[in-house]
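One file, input.txt, is given below (compact mmCIF, C-alpha atoms and all ligand atoms).
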# COMPACT_ATOMS: atom_id res chain seq x y z
CA MET A 8 97.73 77.78 117.41
CA THR A 9 99.80 80.95 118.04
CA ALA A 10 98.00 83.67 119.97
CA LYS A 11 96.80 86.65 117.96
CA PRO A 12 98.30 90.03 118.93
CA PHE A 13 95.02 91.59 120.13
CA LYS A 14 92.35 90.03 122.33
CA ARG A 15 89.45 92.12 121.10
CA ILE A 16 89.44 94.76 118.35
CA LEU A 17 86.32 96.89 118.04
CA LEU A 18 85.31 97.93 114.51
CA THR A 19 82.60 100.61 114.40
CA GLY A 20 80.70 101.30 111.19
CA ALA A 21 80.75 97.57 110.45
CA ALA A 22 77.59 97.69 108.29
CA GLY A 23 79.03 100.43 106.06
CA GLY A 24 80.92 100.23 102.79
CA LEU A 25 84.39 100.04 104.33
CA GLY A 26 83.18 98.09 107.39
CA LYS A 27 81.99 95.27 105.11
CA VAL A 28 85.34 95.26 103.30
CA LEU A 29 87.31 95.17 106.56
CA ARG A 30 85.17 92.68 108.46
CA ASP A 31 87.11 89.59 107.39
CA ARG A 32 90.43 91.31 106.71
CA ILE A 33 91.03 92.32 110.35
CA LYS A 34 90.36 88.88 111.82
CA ALA A 35 93.99 87.75 111.58
CA TRP A 36 94.97 90.39 114.14
CA SER A 37 92.55 89.65 116.97
CA GLU A 38 91.14 86.66 118.85
CA VAL A 39 87.72 88.32 118.82
CA VAL A 40 86.45 91.08 116.56
CA ARG A 41 83.60 93.12 118.01
CA LEU A 42 81.56 94.67 115.23
CA SER A 43 79.24 97.57 115.86
CA ASP A 44 76.86 99.77 113.88
CA ILE A 45 73.51 101.46 114.30
CA ALA A 46 72.34 99.40 111.30
CA ASP A 47 71.85 95.65 111.02
CA MET A 48 75.09 93.69 110.48
CA GLY A 49 73.58 90.30 109.67
CA GLU A 50 74.57 87.13 111.52
CA ALA A 51 77.71 86.83 113.66
CA ARG A 52 80.36 84.64 112.02
CA SER A 53 83.07 82.69 113.83
CA GLY A 54 85.27 84.92 116.02
CA GLU A 55 82.80 87.83 115.89
CA GLU A 56 80.63 89.63 118.43
CA LEU A 57 77.91 91.94 117.07
CA VAL A 58 76.70 94.93 119.08
CA GLN A 59 74.10 97.18 117.48
CA CYS A 60 74.45 100.62 119.05
CA ASP A 61 74.06 104.32 118.38
CA LEU A 62 77.33 106.19 118.90
CA SER A 63 75.43 109.13 120.39
CA ASP A 64 74.22 106.91 123.28
CA LYS A 65 76.87 107.43 125.97
CA ALA A 66 75.89 104.47 128.16
CA ALA A 67 75.73 102.12 125.19
CA VAL A 68 79.17 103.22 123.94
CA LEU A 69 80.65 102.75 127.42
CA LYS A 70 79.34 99.19 127.47
CA LEU A 71 80.47 98.62 123.88
CA MET A 72 84.06 99.30 124.94
CA GLU A 73 84.22 96.64 127.71
CA GLY A 74 87.14 94.24 127.16
CA VAL A 75 88.37 96.06 124.02
CA ASP A 76 92.10 96.61 123.49
CA ALA A 77 92.06 98.54 120.19
CA VAL A 78 89.46 100.43 118.17
CA LEU A 79 89.04 100.97 114.44
CA HIS A 80 86.51 103.81 114.32
CA PHE A 81 84.69 103.80 110.99
CA GLY A 82 81.16 104.56 112.22
CA GLY A 83 79.29 107.81 111.66
CA ILE A 84 77.95 110.05 108.93
CA SER A 85 80.26 109.75 105.92
CA THR A 86 79.15 112.65 103.69
CA GLU A 87 77.78 116.17 104.07
CA ALA A 88 74.44 116.02 105.91
CA PRO A 89 72.20 118.17 108.13
CA PHE A 90 74.28 119.46 111.02
CA GLU A 91 72.00 117.88 113.65
CA ALA A 92 72.80 114.40 112.30
CA ILE A 93 76.53 115.13 112.08
CA MET A 94 76.48 116.55 115.59
CA GLN A 95 74.93 113.36 117.02
CA ALA A 96 76.98 110.75 115.16
CA ASN A 97 80.33 112.44 114.52
CA ILE A 98 80.73 114.94 117.34
CA LEU A 99 78.83 113.49 120.32
CA GLY A 100 79.62 110.01 118.98
CA VAL A 101 83.37 110.62 118.88
CA ALA A 102 83.35 112.28 122.31
CA ASN A 103 81.51 109.24 123.73
CA LEU A 104 83.96 106.91 122.02
CA TYR A 105 87.08 108.61 123.43
CA GLU A 106 85.72 108.87 126.95
CA ALA A 107 84.70 105.19 126.90
CA ALA A 108 88.09 104.17 125.46
CA HIS A 109 89.87 106.11 128.20
CA LYS A 110 87.66 104.68 130.96
CA HIS A 111 88.30 101.12 129.76
CA GLY A 112 92.06 101.58 129.35
CA VAL A 113 92.13 101.13 125.55
CA LYS A 114 95.69 101.73 124.35
CA ARG A 115 95.20 102.62 120.69
CA LEU A 116 92.59 103.90 118.26
CA VAL A 117 92.53 104.35 114.53
CA PHE A 118 90.18 107.15 113.50
CA ALA A 119 88.75 107.20 109.98
CA SER A 120 89.22 110.91 109.33
CA SER A 121 88.79 112.33 105.86
CA ASN A 122 90.39 114.45 103.18
CA HIS A 123 87.42 116.79 103.76
CA ALA A 124 89.24 118.08 106.87
CA ILE A 125 91.53 119.81 104.36
CA GLY A 126 89.22 120.05 101.33
CA TYR A 127 89.53 123.83 100.95
CA TYR A 128 93.15 123.57 99.85
CA ARG A 129 93.66 123.78 96.11
CA THR A 130 94.41 120.83 93.91
CA THR A 131 97.65 122.65 93.01
CA ASP A 132 98.73 122.69 96.71
CA MET A 133 100.99 120.09 98.32
CA LEU A 134 100.06 119.43 101.95
CA ASP A 135 101.71 117.79 104.90
CA ALA A 136 100.13 116.79 108.19
CA ASN A 137 101.38 119.88 110.05
CA MET A 138 99.50 122.35 107.87
CA PRO A 139 96.34 123.94 109.31
CA THR A 140 93.07 122.19 108.58
CA ARG A 141 90.74 123.77 105.99
CA PRO A 142 87.45 121.85 106.15
CA ASP A 143 85.12 122.04 103.17
CA SER A 144 81.85 121.08 104.90
CA MET A 145 80.19 120.50 108.28
CA TYR A 146 81.22 116.87 107.72
CA GLY A 147 84.84 118.01 107.30
CA ILE A 148 84.55 120.08 110.49
CA SER A 149 83.37 116.98 112.36
CA LYS A 150 86.53 115.17 111.18
CA VAL A 151 88.66 118.07 112.45
CA PHE A 152 86.85 117.66 115.79
CA GLY A 153 87.72 113.96 115.81
CA GLU A 154 91.37 114.72 115.08
CA GLN A 155 91.43 117.21 117.96
CA MET A 156 89.89 114.60 120.30
CA SER A 157 92.82 112.40 119.31
CA ARG A 158 95.27 115.22 120.06
CA TYR A 159 93.68 115.99 123.44
CA TYR A 160 93.27 112.41 124.70
CA TYR A 161 96.90 111.70 123.82
CA ASP A 162 98.21 114.83 125.57
CA ARG A 163 95.95 114.32 128.60
CA PHE A 164 95.99 110.53 129.00
CA GLY A 165 98.53 109.05 126.57
CA LEU A 166 95.78 107.35 124.56
CA GLU A 167 97.34 106.85 121.11
CA THR A 168 95.50 107.41 117.82
CA VAL A 169 96.35 107.27 114.17
CA CYS A 170 93.98 109.60 112.30
CA ILE A 171 93.78 108.47 108.70
CA ARG A 172 92.65 111.24 106.37
CA ILE A 173 91.18 108.78 103.90
CA GLY A 174 91.07 109.99 100.31
CA SER A 175 88.63 107.91 98.25
CA SER A 176 88.49 104.23 99.17
CA PHE A 177 86.32 102.50 96.61
CA PRO A 178 86.87 99.68 94.10
CA GLN A 179 88.10 102.25 91.58
CA PRO A 180 88.29 106.04 91.10
CA ALA A 181 84.95 107.49 89.96
CA ASN A 182 86.39 110.65 88.39
CA LYS A 183 89.65 112.42 87.62
CA ARG A 184 89.86 113.92 91.12
CA MET A 185 89.96 110.44 92.61
CA MET A 186 93.05 109.60 90.53
CA SER A 187 94.84 111.68 93.22
CA THR A 188 92.78 110.60 96.24
CA TYR A 189 92.36 106.86 95.48
CA LEU A 190 93.12 104.37 98.28
CA SER A 191 92.74 100.71 97.35
CA TYR A 192 91.14 98.33 99.84
CA ASP A 193 94.41 96.39 100.13
CA ASP A 194 96.37 99.56 100.89
CA LEU A 195 93.74 100.64 103.42
CA THR A 196 94.10 97.27 105.16
CA GLU A 197 97.88 97.62 105.17
CA LEU A 198 97.63 101.14 106.58
CA LEU A 199 95.39 99.85 109.38
CA ARG A 200 97.88 97.07 110.10
CA CYS A 201 100.74 99.58 110.29
CA SER A 202 98.63 101.88 112.50
CA LEU A 203 97.87 99.08 114.96
CA PHE A 204 101.32 97.50 115.06
CA ALA A 205 103.78 100.44 114.90
CA PRO A 206 105.50 100.52 118.33
CA ARG A 207 104.58 104.13 119.14
CA VAL A 208 102.21 106.41 117.28
CA GLY A 209 101.24 109.14 119.80
CA HIS A 210 98.88 111.39 117.85
CA THR A 211 99.61 110.72 114.20
CA ILE A 212 97.90 112.12 111.13
CA VAL A 213 98.43 110.21 107.91
CA PHE A 214 96.94 110.74 104.47
CA GLY A 215 95.20 107.57 103.31
CA MET A 216 96.23 107.22 99.70
CA SER A 217 97.70 104.60 97.42
CA ASP A 218 100.95 105.13 95.49
CA ASN A 219 99.19 107.37 92.95
CA ASP A 220 101.07 109.27 90.23
CA SER A 221 99.52 112.65 90.89
CA VAL A 222 99.47 113.47 94.61
CA TRP A 223 98.47 116.43 96.78
CA TRP A 224 99.70 115.02 100.10
CA ASP A 225 103.09 114.31 101.64
CA ASN A 226 103.23 111.61 104.34
CA ARG A 227 106.68 112.52 105.67
CA TYR A 228 105.38 113.01 109.26
CA ALA A 229 103.90 109.51 109.32
CA ALA A 230 107.08 107.68 108.25
CA HIS A 231 107.18 105.93 111.66
CA LEU A 232 104.13 103.89 110.63
CA GLY A 233 106.18 102.15 107.95
CA TYR A 234 103.27 102.29 105.47
CA ARG A 235 104.29 101.35 101.90
CA PRO A 236 101.33 101.38 99.51
CA LYS A 237 101.43 98.72 96.80
CA ASP A 238 98.61 99.87 94.53
CA SER A 239 98.20 102.93 92.33
CA SER A 240 95.32 104.65 90.57
CA SER A 241 97.49 104.61 87.43
CA LYS A 242 95.92 101.32 86.33
CA PHE A 243 92.63 103.23 85.91
CA ALA A 244 94.17 106.08 83.86
CA HIS A 245 92.42 104.87 80.71
CA LEU A 246 89.08 105.76 82.33
CA PHE A 247 89.97 109.47 82.39
CA PRO A 248 91.72 110.52 79.18
CA ASP A 249 93.74 113.74 79.36
CA SER A 250 91.39 115.65 77.08
CA ALA A 251 89.69 117.53 79.95
CA GLU A 252 91.90 120.08 81.69
CA PHE A 253 92.27 119.62 85.48
CA PRO A 254 91.64 121.80 87.39
CA GLU A 255 88.98 123.24 85.11
CA LYS A 256 88.77 127.03 85.01
CA ASP A 257 85.88 128.34 87.19
CA ASP A 258 84.92 124.85 88.41
CA ILE A 259 85.45 124.86 92.15
CA THR A 260 84.90 121.10 92.32
CA THR A 261 88.21 120.66 90.51
CA ILE A 262 90.00 123.77 91.83
CA TYR A 263 89.70 122.60 95.46
CA GLN A 264 90.69 119.21 96.82
CA GLY A 265 87.31 118.49 98.42
CA GLY A 266 85.54 118.26 95.05
CA LYS A 267 81.78 118.38 95.11
CA PHE A 268 81.60 118.46 98.93
CA LEU A 269 82.28 122.21 98.63
CA LEU A 270 78.85 122.71 97.12
CA ASP A 271 76.81 120.36 99.32
CA GLY A 272 76.53 122.31 102.56
CA PRO A 273 76.00 123.68 105.03
CA MET A 274 72.62 122.06 105.61
CA PHE A 275 70.49 123.79 108.22
CA LYS A 276 66.72 123.43 108.45
P1 LIG B 301 79.39 104.39 105.28
O1 LIG B 301 78.44 105.53 105.35
O2 LIG B 301 79.15 103.34 104.25
O3 LIG B 301 79.47 103.69 106.72
C1 LIG B 301 79.33 104.37 107.92
C2 LIG B 301 78.57 103.48 108.88
O4 LIG B 301 78.39 104.21 110.10
C3 LIG B 301 77.17 103.07 108.38
O5 LIG B 301 77.03 101.67 108.37
C4 LIG B 301 76.23 103.73 109.37
O6 LIG B 301 75.07 102.93 109.65
C5 LIG B 301 77.11 103.90 110.59
N1 LIG B 301 76.59 104.98 111.46
C6 LIG B 301 76.11 106.19 111.07
N2 LIG B 301 75.66 106.86 112.13
C7 LIG B 301 75.86 106.08 113.21
C8 LIG B 301 75.58 106.22 114.59
N3 LIG B 301 74.99 107.33 115.08
N4 LIG B 301 75.90 105.22 115.41
C9 LIG B 301 76.51 104.09 114.94
N5 LIG B 301 76.78 103.88 113.64
C10 LIG B 301 76.46 104.88 112.78
O7 LIG B 301 80.84 105.03 105.10
P2 LIG B 301 82.19 104.32 104.61
O8 LIG B 301 82.46 104.72 103.21
O9 LIG B 301 82.18 102.90 105.00
O10 LIG B 301 83.26 105.12 105.51
C11 LIG B 301 83.62 104.64 106.80
C12 LIG B 301 84.33 105.76 107.54
O11 LIG B 301 85.44 106.20 106.76
C13 LIG B 301 83.45 106.99 107.77
O12 LIG B 301 83.76 107.54 109.04
C14 LIG B 301 83.88 107.96 106.69
O13 LIG B 301 83.72 109.31 107.09
C15 LIG B 301 85.35 107.59 106.53
N6 LIG B 301 85.85 107.90 105.20
C16 LIG B 301 85.52 107.10 104.13
C17 LIG B 301 86.01 107.38 102.86
C18 LIG B 301 85.78 106.49 101.68
O14 LIG B 301 86.35 106.76 100.63
N7 LIG B 301 84.97 105.45 101.77
C19 LIG B 301 86.83 108.60 102.64
C20 LIG B 301 87.08 109.37 103.83
C21 LIG B 301 86.61 109.02 105.05
C1 LIG B 302 84.74 110.97 102.16
O1 LIG B 302 85.07 111.47 103.24
C2 LIG B 302 83.51 110.17 102.02
O2 LIG B 302 83.23 109.41 103.20
C3 LIG B 302 83.52 109.25 100.83
O3 LIG B 302 82.21 108.80 100.60
C4 LIG B 302 84.08 109.97 99.58
O4 LIG B 302 83.20 110.97 99.22
C5 LIG B 302 85.45 110.54 99.89
O5 LIG B 302 85.44 111.32 101.06
C6 LIG B 302 86.02 111.37 98.74
O6 LIG B 302 86.40 112.51 98.99
O7 LIG B 302 86.09 110.86 97.63

Will you turn the file into structure tokens for me?
Amino acid sequence: MTAKPFKRILLTGAAGGLGKVLRDRIKAWSEVVRLSDIADMGEARSGEELVQCDLSDKAAVLKLMEGVDAVLHFGGISTEAPFEAIMQANILGVANLYEAAHKHGVKRLVFASSNHAIGYYRTTDMLDANMPTRPDSMYGISKVFGEQMSRYYYDRFGLETVCIRIGSSFPQPANKRMMSTYLSYDDLTELLRCSLFAPRVGHTIVFGMSDNDSVWWDNRYAAHLGYRPKDSSSKFAHLFPDSAEFPEKDDITTIYQGGKFLLDGPMFK
């Protein structure tokens, strides 16, 4: 049997929606896949190690990273939520993750960032990765923090990260907005493969989208990843007939890219 390129890939957030989708898909790349989440992940299957751990627990995250050569970081709070929860999982959690990765000599991370890091741009704007962030929520701010951790750990230690500003990765778009933000599971997997195997990535920001007809994002600064999406939201166009205007006048959930996240926060007790 030919050796797989990685010895041990760590996938955080393995019990979540995308973690469950990725669990089997990433096995071809690594001899062992270490899966982690704060929640139960079921039974370990062949080639898997399961480690239940809270990202905000520094000692546990340091141990989690032992023997890991690459990280796919999908764990954390994935929507707007009370700031205390976001602070623990997405801010302290990401800081713990980077420090542990550095201490254990991990060479590359992929960070599941989000379109909510730039959700306060308009749906009539066209963005590239060099434009300033405009978060639409405390959740979006936590993703900006993660992207800056990537920037800093690369400049300071040469630890490489691809930050994927994922649009909407679900079986199909749930509304007209997601016709622009849709990222199929196959394209997500391909983008992860490109992020792990591109020879040099430094600190890269890429927009995680399929080859959709109507787009708000330009991936010109991530061309070195070699990502070529194969799917498109166009096959779901029949679900959203053109009768409703988009963006709708006075509806900020269609005027701004972040959609309904703009209305959800901030949440302080
Ligand atoms: P999800 O909410 O289904 O999964 C996140 C997982 O993280 C959960 O299993 C949860 O138990 C775990 N988690 C939460 N707090 C934790 C903690 N303190 N310690 C350890 N684990 C913790 O979210 P989903 O949809 O699977 O997204 C995965 C990642 O991708 C998230 O970081 C999310 O922000 C990001 N993303 C997802 C998008 C999508 O369309 N699904 C779009 C943009 C970003
Ligand atoms: C995200 O960042 C969320 O994690 C996901 O649940 C979706 O809401 C997605 O963005 C989106 O904007 O559609």

Using all atoms listed in the file, the shortest atom-to-atom distance to Ile93 (chain A) among A:Val169, A:Ile148, A:Leu246, A:Ala108 belongs to A:Ile148

Counting all atoms listed in the file, which residues of chain A sit at most 10 Å from some atom of ligand LIG 302 (chain B), and what is each one's closest atom pair with its distance in Å to one decimal, listed by chain and rising residue number, as a Markdown table?
| residue | atom | partner | partner_atom | distance |
| --- | --- | --- | --- | --- |
| A:Gly24 | CA | B:LIG302 | O3 | 8.9 |
| A:Leu25 | CA | B:LIG302 | O2 | 9.5 |
| A:Phe81 | CA | B:LIG302 | O2 | 9.7 |
| A:Gly83 | CA | B:LIG302 | O2 | 9.5 |
| A:Ile84 | CA | B:LIG302 | O2 | 7.8 |
| A:Ser85 | CA | B:LIG302 | O2 | 4.0 |
| A:Thr86 | CA | B:LIG302 | O2 | 5.2 |
| A:Glu87 | CA | B:LIG302 | C2 | 8.5 |
| A:Ala119 | CA | B:LIG302 | O1 | 8.8 |
| A:Ser120 | CA | B:LIG302 | O1 | 7.4 |
| A:Ser121 | CA | B:LIG302 | O1 | 4.6 |
| A:Asn122 | CA | B:LIG302 | O1 | 6.1 |
| A:His123 | CA | B:LIG302 | O1 | 5.8 |
| A:Ala124 | CA | B:LIG302 | O1 | 8.6 |
| A:Gly126 | CA | B:LIG302 | O6 | 8.4 |
| A:Tyr146 | CA | B:LIG302 | O1 | 8.0 |
| A:Gly147 | CA | B:LIG302 | O1 | 7.7 |
| A:Lys150 | CA | B:LIG302 | O1 | 8.9 |
| A:Arg172 | CA | B:LIG302 | O1 | 8.2 |
| A:Ile173 | CA | B:LIG302 | O1 | 6.7 |
| A:Gly174 | CA | B:LIG302 | C6 | 5.5 |
| A:Ser175 | CA | B:LIG302 | O7 | 3.9 |
| A:Ser176 | CA | B:LIG302 | C5 | 7.0 |
| A:Phe177 | CA | B:LIG302 | C4 | 8.3 |
| A:Pro180 | CA | B:LIG302 | O7 | 8.4 |
| A:Ala181 | CA | B:LIG302 | O7 | 8.5 |
| A:Asn182 | CA | B:LIG302 | O7 | 9.2 |
| A:Arg184 | CA | B:LIG302 | O7 | 8.1 |
| A:Met185 | CA | B:LIG302 | O7 | 6.4 |
| A:Ser187 | CA | B:LIG302 | O7 | 9.8 |
| A:Thr188 | CA | B:LIG302 | O7 | 6.8 |
| A:Tyr189 | CA | B:LIG302 | O7 | 7.7 |
| A:Leu190 | CA | B:LIG302 | O7 | 9.6 |
| A:Gln264 | CA | B:LIG302 | O6 | 8.2 |
| A:Gly265 | CA | B:LIG302 | O6 | 6.1 |
| A:Gly266 | CA | B:LIG302 | O6 | 7.0 |
| A:Lys267 | CA | B:LIG302 | O6 | 8.4 |
| A:Phe268 | CA | B:LIG302 | O6 | 7.6 |

C-alpha atoms of the current selection, written as a PDB file, in the coordinates of the input:
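The resulting file, again_39.pdb, is shown below:
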ATOM      1  CA  GLY A  24      80.920 100.230 102.790  1.00  0.00           C
ATOM      2  CA  LEU A  25      84.390 100.040 104.330  1.00  0.00           C
ATOM      3  CA  PHE A  81      84.690 103.800 110.990  1.00  0.00           C
ATOM      4  CA  GLY A  83      79.290 107.810 111.660  1.00  0.00           C
ATOM      5  CA  ILE A  84      77.950 110.050 108.930  1.00  0.00           C
ATOM      6  CA  SER A  85      80.260 109.750 105.920  1.00  0.00           C
ATOM      7  CA  THR A  86      79.150 112.650 103.690  1.00  0.00           C
ATOM      8  CA  GLU A  87      77.780 116.170 104.070  1.00  0.00           C
ATOM      9  CA  ALA A 119      88.750 107.200 109.980  1.00  0.00           C
ATOM     10  CA  SER A 120      89.220 110.910 109.330  1.00  0.00           C
ATOM     11  CA  SER A 121      88.790 112.330 105.860  1.00  0.00           C
ATOM     12  CA  ASN A 122      90.390 114.450 103.180  1.00  0.00           C
ATOM     13  CA  HIS A 123      87.420 116.790 103.760  1.00  0.00           C
ATOM     14  CA  ALA A 124      89.240 118.080 106.870  1.00  0.00           C
ATOM     15  CA  GLY A 126      89.220 120.050 101.330  1.00  0.00           C
ATOM     16  CA  TYR A 146      81.220 116.870 107.720  1.00  0.00           C
ATOM     17  CA  GLY A 147      84.840 118.010 107.300  1.00  0.00           C
ATOM     18  CA  LYS A 150      86.530 115.170 111.180  1.00  0.00           C
ATOM     19  CA  ARG A 172      92.650 111.240 106.370  1.00  0.00           C
ATOM     20  CA  ILE A 173      91.180 108.780 103.900  1.00  0.00           C
ATOM     21  CA  GLY A 174      91.070 109.990 100.310  1.00  0.00           C
ATOM     22  CA  SER A 175      88.630 107.910  98.250  1.00  0.00           C
ATOM     23  CA  SER A 176      88.490 104.230  99.170  1.00  0.00           C
ATOM     24  CA  PHE A 177      86.320 102.500  96.610  1.00  0.00           C
ATOM     25  CA  PRO A 180      88.290 106.040  91.100  1.00  0.00           C
ATOM     26  CA  ALA A 181      84.950 107.490  89.960  1.00  0.00           C
ATOM     27  CA  ASN A 182      86.390 110.650  88.390  1.00  0.00           C
ATOM     28  CA  ARG A 184      89.860 113.920  91.120  1.00  0.00           C
ATOM     29  CA  MET A 185      89.960 110.440  92.610  1.00  0.00           C
ATOM     30  CA  SER A 187      94.840 111.680  93.220  1.00  0.00           C
ATOM     31  CA  THR A 188      92.780 110.600  96.240  1.00  0.00           C
ATOM     32  CA  TYR A 189      92.360 106.860  95.480  1.00  0.00           C
ATOM     33  CA  LEU A 190      93.120 104.370  98.280  1.00  0.00           C
ATOM     34  CA  GLN A 264      90.690 119.210  96.820  1.00  0.00           C
ATOM     35  CA  GLY A 265      87.310 118.490  98.420  1.00  0.00           C
ATOM     36  CA  GLY A 266      85.540 118.260  95.050  1.00  0.00           C
ATOM     37  CA  LYS A 267      81.780 118.380  95.110  1.00  0.00           C
ATOM     38  CA  PHE A 268      81.600 118.460  98.930  1.00  0.00           C
TER      39      PHE A 268
END

Out of A:Leu199, A:Leu270, A:Ala96, A:Leu134, which residue has the shortest atom-to-atom distance to ligand LIG 301 (chain B) when counting only C-alpha atoms and all ligand atoms?
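The shortest atom-to-atom distance to ligand LIG 301 (chain B) comes from A:Ala96.
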
Spatial neighbours of Pro12 (chain A), 8 Å, only C-alpha atoms, chain gap at least 4 places, as a list in words
Trp36, Ser37 and Glu38 of chain A

In terms of the shortest atom-to-atom distance over only C-alpha atoms and all ligand atoms, which of A:Arg115, A:Arg227, A:Lys27, A:Lys14 is closest to ligand LIG 301 (chain B)?
A:Lys27

Which is closest to Asp258 (chain A) among A:Arg141, A:Arg129, A:Asn103, A:Met156, if we use only C-alpha atoms?
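Going through A:Arg141, A:Arg129, A:Asn103, A:Met156 one by one, the smallest distance to Asp258 (chain A) is for A:Arg129.
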
Show me, as number ranges by chain, the residues that have an atom within 10 Å of Lys242 (chain A) when counting all atoms listed in the file, minus same-chain residues fewer than 2 positions from it.
A: 179, 186, 219, 238-240, 244-246

Padding 4 Å on every side, please: axis-aligned box over the listed atoms of ligand LIG 301 (chain B), centre and edge lengths to one decimal in Å, as AutoDock Vina command-line options.
--center_x 81.0 --center_y 105.5 --center_z 108.0 --size_x 20.1 --size_y 15.7 --size_z 22.8

Between atom O6 of ligand LIG 301 (chain B) and CA of Gln95 (chain A) - distance in Å to one decimal:
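Rounded to one decimal, the two atoms are 12.8 Å apart.
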
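If you look at CA of Glu167 (chain A) and CA of Thr9 (chain A), they are 26.2 Å away from each other.
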
Could you tell me which of A:Arg207, A:His109, A:Arg30, A:Lys276 comes closest to ligand LIG 301 (chain B) if we count only C-alpha atoms and all ligand atoms?
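Smallest separation from ligand LIG 301 (chain B) among the options: A:Arg30.
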
Counting all atoms listed in the file, the residue of A:Ala46, A:Leu203, A:Ile98, A:Leu79 that sits nearest ligand LIG 301 (chain B)
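For ligand LIG 301 (chain B), the nearest of the candidates is A:Ala46.
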
Identify, on the basis of all atoms listed in the file, every residue whose closest approach to Gly74 (chain A) does not exceed 9 Å; exclude the query and any residue fewer than 5 positions from it along the same chain; express the result as an mmCIF file with C-alpha atoms, in the frame of the given file.
data_model
loop_
_atom_site.group_PDB
_atom_site.id
_atom_site.type_symbol
_atom_site.label_atom_id
_atom_site.label_comp_id
_atom_site.auth_asym_id
_atom_site.auth_seq_id
_atom_site.Cartn_x
_atom_site.Cartn_y
_atom_site.Cartn_z
ATOM 1 C CA LYS A 14 92.350 90.030 122.330
ATOM 2 C CA ARG A 15 89.450 92.120 121.100
ATOM 3 C CA HIS A 111 88.300 101.120 129.760
ATOM 4 C CA VAL A 113 92.130 101.130 125.550
#

With all atoms listed in the file as the counted atoms, please give the residues lying no more than 9 Å from Leu62 (chain A), apart from itself and same-chain residues fewer than 2 positions off, as a list in words.
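Once the adjacent positions are removed, what remains is Thr19, Asp44, Ile45, Cys60, Asp64, Lys65, Ala67, Val68, Gly82, Gly83, Gln95, Ala96, Asn97, Leu99, Gly100, Val101, Asn103 and Leu104 of chain A.
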
Long-range neighbours of Gly209 (chain A) as number ranges by chain, 12 Å cut-off, all atoms listed in the file, 6 positions minimum in chain
A: 114-117, 157-170, 202-203, 228-229, 231-232

Figure out the distance between CA of Phe204 (chain A) and CA of Leu71 (chain A), please, to one decimal in Å.
22.7 Å
